[in-house]
Amino acid sequence: MYLLLAGLIMLLSWLVSNRLKNKFELYSKLQLQNGMSGAEIAEKMLADHGITDVKVISTPGQLTDHYNPMDKTVNLSEAVYNQRNAAAAAVAAHECGHAVQHATAYSWLEMRSKLVPILSVTSNYVQWILIGGILLIKTFPALLLMGIIIFAATTVFSIITLPVEYDASNRALAWLENKNMLTNEEQAGAKDALKWAARTYVVAAIGSIATLLYYVMIYMNRR
């Protein structure tokens, strides 16, 4: 049953990711009438929120957009940074939404940030601990329990990520609309793109919860 569930989750993840890719390709063709690039939109959103200590920089690759609270930078992929379309506007404003969360001490973001140092250390070892725990389930069940506890932290991280991402998108869309940055068609495209981006985090959280329950079931049935 776990293999069936894992297969369904993988299929769902592929479908959502593929749909997201198609949406961004579609809205990348919807050029902004205001002529602003993703970088310019990001800088204006930060300025409108009174944030002066965050830099907007370009980062290599695709889908590498993120906000780094450590050095206070909004990192936009090259396409988003330079292009002037609805998809770029959505991504740029979303990442600035995280910067606004940081500036206003958004509680869910602070909770997630506290887990990052822990996960950066444990993520490289948790799978090996879980595998070892399954192999030694009869003689050393505590090893699997240790792996479950560590993996539970990654599951909590996935769950906490949901309100963080949805809130960042809501802040982005509200600002884009309130400041009349986009036309109605462009606003609808930005909203649709961010909706599908958020769903990738939902699928990831579901997958993490299902995997955690699987390991818990193994531990509970060890005898």
# chains A, B, ... in the order shown; residues from 1 in each chain; ligands from 1
$ residues_around --residues "A:Asn22" --least-positions-apart "5" --cutoff "12 Å" --atoms "only C-alpha atoms" --output "list in words"
Leu15, Val16, Ser17, Tyr27, Ser28, Lys29, Ala87, Asp192, Ala193, Trp196 and Ala197 of chain A
$ write_last_selection --atoms "C-alpha atoms" --output "mmCIF file, in the first residue's frame"
data_model
loop_
_atom_site.group_PDB
_atom_site.id
_atom_site.type_symbol
_atom_site.label_atom_id
_atom_site.label_comp_id
_atom_site.auth_asym_id
_atom_site.auth_seq_id
_atom_site.Cartn_x
_atom_site.Cartn_y
_atom_site.Cartn_z
ATOM 1 C CA LEU A 15 1.322 16.534 -12.818
ATOM 2 C CA VAL A 16 1.501 19.664 -10.648
ATOM 3 C CA SER A 17 5.094 20.419 -11.662
ATOM 4 C CA TYR A 27 2.428 33.832 -18.722
ATOM 5 C CA SER A 28 6.017 34.460 -19.787
ATOM 6 C CA LYS A 29 4.506 35.409 -23.142
ATOM 7 C CA ALA A 87 5.288 35.391 -14.738
ATOM 8 C CA ASP A 192 -2.811 31.677 -11.541
ATOM 9 C CA ALA A 193 0.965 31.165 -11.726
ATOM 10 C CA TRP A 196 0.169 26.459 -9.077
ATOM 11 C CA ALA A 197 3.541 27.242 -7.519
#
$ residues_around --residues "stretch 46-57 of chain A" --least-positions-apart "5" --cutoff "10 Å" --atoms "only C-alpha atoms" --output "number ranges by chain"
A: 38-41, 65, 67-69, 71-78, 81, 92-93, 95-97, 99-100, 103, 175, 179
$ residues_around --residues "stretch 2-6 of chain A" --least-positions-apart "4" --cutoff "12 Å" --atoms "only C-alpha atoms" --output "list in words"
Met10, Leu11, Leu12, Ser13, Val203, Ala204, Ile206, Gly207, Ser208, Ile209, Ala210, Thr211, Leu212, Leu213, Tyr214, Tyr215, Met217 and Ile218 of chain A
$ residues_around --residues "A:Ala152" --least-positions-apart "3" --cutoff "12 Å" --atoms "only C-alpha atoms" --output "list of chain:residue names"
A:Leu115, A:Ile118, A:Leu119, A:Thr122, A:Ser123, A:Val126, A:Leu130, A:Leu145, A:Met146, A:Gly147, A:Ile148, A:Ile149, A:Thr155, A:Val156, A:Phe157, A:Ser158, A:Ile159, A:Ala205, A:Ser208, A:Ile209, A:Ala210, A:Thr211, A:Leu212, A:Leu213, A:Tyr214, A:Tyr215, A:Val216
$ residues_around --residues "A:His94" --least-positions-apart "5" --cutoff "6 Å" --atoms "only C-alpha atoms" --output "ChimeraX atom specification"
/A:168-169,172
$ write_last_selection --atoms "N, CA and C atoms" --output "short mmCIF file (atom, residue, chain, number, x, y, z; two decimals), in the first residue's frame"
data_model
loop_
_atom_site.label_atom_id
_atom_site.label_comp_id
_atom_site.auth_asym_id
_atom_site.auth_seq_id
_atom_site.Cartn_x
_atom_site.Cartn_y
_atom_site.Cartn_z
N ALA A 168 3.14 34.78 1.44
CA ALA A 168 3.99 35.58 0.55
C ALA A 168 3.27 35.87 -0.77
N SER A 169 2.57 34.88 -1.30
CA SER A 169 1.82 35.09 -2.54
C SER A 169 0.68 36.07 -2.33
N ALA A 172 2.08 39.51 -2.20
CA ALA A 172 2.50 39.93 -3.54
C ALA A 172 1.31 40.35 -4.39
#
$ atom_distance --atom1 "atom CA of A:Ser37" --atom2 "atom CA of A:Arg84"
4.3 Å
$ residues_around --residues "A:Trp108" --least-positions-apart "6" --cutoff "7 Å" --atoms "only C-alpha atoms" --output "PyMOL selection string"
chain A and resi 160+163-164
$ write_last_selection --atoms "all heavy atoms" --output "PDB file, in the first residue's frame"
ATOM      1  N   ILE A 160       5.083  23.801   7.873  1.00  0.00           N
ATOM      2  CA  ILE A 160       5.239  25.222   8.191  1.00  0.00           C
ATOM      3  C   ILE A 160       5.449  26.040   6.918  1.00  0.00           C
ATOM      4  O   ILE A 160       5.042  27.205   6.842  1.00  0.00           O
ATOM      5  CB  ILE A 160       6.416  25.430   9.159  1.00  0.00           C
ATOM      6  CG1 ILE A 160       6.079  24.834  10.528  1.00  0.00           C
ATOM      7  CG2 ILE A 160       6.764  26.914   9.306  1.00  0.00           C
ATOM      8  CD1 ILE A 160       7.213  24.900  11.524  1.00  0.00           C
ATOM      9  N   PRO A 163       1.929  27.873   5.083  1.00  0.00           N
ATOM     10  CA  PRO A 163       1.447  29.230   5.349  1.00  0.00           C
ATOM     11  C   PRO A 163       2.453  30.305   4.947  1.00  0.00           C
ATOM     12  O   PRO A 163       2.055  31.414   4.566  1.00  0.00           O
ATOM     13  CB  PRO A 163       1.206  29.234   6.869  1.00  0.00           C
ATOM     14  CG  PRO A 163       2.017  28.103   7.402  1.00  0.00           C
ATOM     15  CD  PRO A 163       2.020  27.067   6.322  1.00  0.00           C
ATOM     16  N   VAL A 164       3.750  29.972   5.017  1.00  0.00           N
ATOM     17  CA  VAL A 164       4.770  30.945   4.616  1.00  0.00           C
ATOM     18  C   VAL A 164       4.641  31.275   3.130  1.00  0.00           C
ATOM     19  O   VAL A 164       4.649  32.447   2.737  1.00  0.00           O
ATOM     20  CB  VAL A 164       6.184  30.405   4.930  1.00  0.00           C
ATOM     21  CG1 VAL A 164       7.250  31.337   4.347  1.00  0.00           C
ATOM     22  CG2 VAL A 164       6.385  30.270   6.430  1.00  0.00           C
TER      23      VAL A 164
END
$ select_by_dssp --residues "stretch 78-148 of chain A" --states "helix (DSSP H, G or I)" --output "number ranges by chain"
A: 78-82, 86-103, 107-122, 126-135, 141-148
$ residues_around --residues "A:Leu136" --least-positions-apart "5" --cutoff "12 Å" --atoms "only C-alpha atoms" --output "PyMOL selection string"
chain A and resi 129-131+141-145+218-219+222
$ closest_residue --among "A:His66, A:Lys114, A:Lys21, A:Arg171" --to "A:Met45" --atoms "only C-alpha atoms"
A:Arg171
$ closest_residue --among "A:Asn82, A:Thr154, A:Asn184, A:Asn178" --to "A:Val121" --atoms "only C-alpha atoms"
A:Thr154
$ atom_distance --atom1 "atom CA of A:Tyr106" --atom2 "atom CA of A:Arg199"
21.2 Å
$ atom_distance --atom1 "atom CA of A:Gln31" --atom2 "atom CA of A:Glu186"
8.2 Å
$ closest_residue --among "A:His102, A:Lys138, A:Arg19, A:Lys191" --to "A:Leu173" --atoms "only C-alpha atoms"
A:Lys191
$ decode --residues "stretch 136-221 of chain A" --atoms "C-alpha atoms" --output "short mmCIF file (atom, residue, chain, number, x, y, z; two decimals), in the first residue's frame"
data_model
loop_
_atom_site.label_atom_id
_atom_site.label_comp_id
_atom_site.auth_asym_id
_atom_site.auth_seq_id
_atom_site.Cartn_x
_atom_site.Cartn_y
_atom_site.Cartn_z
CA LEU A 136 18.34 -3.47 12.53
CA ILE A 137 14.70 -3.18 13.58
CA LYS A 138 14.80 -6.42 15.61
CA THR A 139 18.05 -5.80 17.45
CA PHE A 140 18.31 -2.00 17.65
CA PRO A 141 14.84 -0.39 17.22
CA ALA A 142 16.06 2.83 18.84
CA LEU A 143 17.99 3.63 15.66
CA LEU A 144 14.79 3.71 13.60
CA LEU A 145 13.10 5.79 16.28
CA MET A 146 15.96 8.27 16.05
CA GLY A 147 15.52 8.45 12.29
CA ILE A 148 11.77 8.99 12.68
CA ILE A 149 12.33 11.88 15.07
CA ILE A 150 14.79 13.52 12.67
CA PHE A 151 12.54 12.94 9.66
CA ALA A 152 9.62 14.38 11.63
CA ALA A 153 11.52 17.68 11.72
CA THR A 154 11.59 17.73 7.91
CA THR A 155 7.87 17.01 7.86
CA VAL A 156 7.19 19.86 10.27
CA PHE A 157 9.32 22.08 8.02
CA SER A 158 7.20 21.10 5.00
CA ILE A 159 3.98 21.88 6.87
CA ILE A 160 5.24 25.22 8.19
CA THR A 161 6.32 26.12 4.66
CA LEU A 162 2.69 26.12 3.48
CA PRO A 163 1.45 29.23 5.35
CA VAL A 164 4.77 30.94 4.62
CA GLU A 165 4.43 30.45 0.86
CA TYR A 166 0.71 31.20 0.67
CA ASP A 167 1.12 34.36 2.74
CA ALA A 168 3.99 35.58 0.55
CA SER A 169 1.82 35.09 -2.54
CA ASN A 170 -1.11 36.89 -0.92
CA ARG A 171 1.11 39.83 -0.01
CA ALA A 172 2.50 39.93 -3.54
CA LEU A 173 -0.88 39.83 -5.25
CA ALA A 174 -2.37 42.40 -2.88
CA TRP A 175 0.47 44.82 -3.55
CA LEU A 176 0.33 44.30 -7.32
CA GLU A 177 -3.40 45.01 -7.29
CA ASN A 178 -3.41 47.91 -4.81
CA LYS A 179 -0.64 49.70 -6.67
CA ASN A 180 -2.25 49.03 -10.08
CA MET A 181 0.97 47.48 -11.29
CA LEU A 182 -0.73 45.10 -13.70
CA THR A 183 -3.69 45.05 -16.03
CA ASN A 184 -6.60 42.77 -15.16
CA GLU A 185 -5.32 40.10 -17.56
CA GLU A 186 -1.78 40.33 -16.17
CA GLN A 187 -3.05 40.21 -12.58
CA ALA A 188 -5.10 37.09 -13.34
CA GLY A 189 -2.05 35.46 -14.91
CA ALA A 190 0.16 36.29 -11.92
CA LYS A 191 -2.46 34.89 -9.54
CA ASP A 192 -2.81 31.68 -11.54
CA ALA A 193 0.96 31.16 -11.73
CA LEU A 194 1.43 31.63 -7.97
CA LYS A 195 -1.52 29.32 -7.26
CA TRP A 196 0.17 26.46 -9.08
CA ALA A 197 3.54 27.24 -7.52
CA ALA A 198 1.96 26.95 -4.06
CA ARG A 199 0.47 23.58 -4.93
CA THR A 200 3.96 22.11 -5.36
CA TYR A 201 4.52 22.76 -1.65
CA VAL A 202 1.20 21.12 -0.80
CA VAL A 203 2.21 17.96 -2.66
CA ALA A 204 5.62 17.98 -0.96
CA ALA A 205 3.98 18.24 2.46
CA ILE A 206 1.59 15.38 1.70
CA GLY A 207 4.48 13.22 0.54
CA SER A 208 6.49 13.99 3.65
CA ILE A 209 3.56 13.17 5.95
CA ALA A 210 2.89 9.88 4.12
CA THR A 211 6.55 8.86 4.34
CA LEU A 212 6.70 9.70 8.04
CA LEU A 213 3.61 7.59 8.72
CA TYR A 214 5.17 4.71 6.81
CA TYR A 215 8.25 4.69 9.04
CA VAL A 216 6.11 5.04 12.14
CA MET A 217 4.07 2.01 11.05
CA ILE A 218 7.25 -0.03 10.60
CA TYR A 219 8.41 0.95 14.08
CA MET A 220 5.03 0.20 15.68
CA ASN A 221 4.88 -3.23 14.00
#
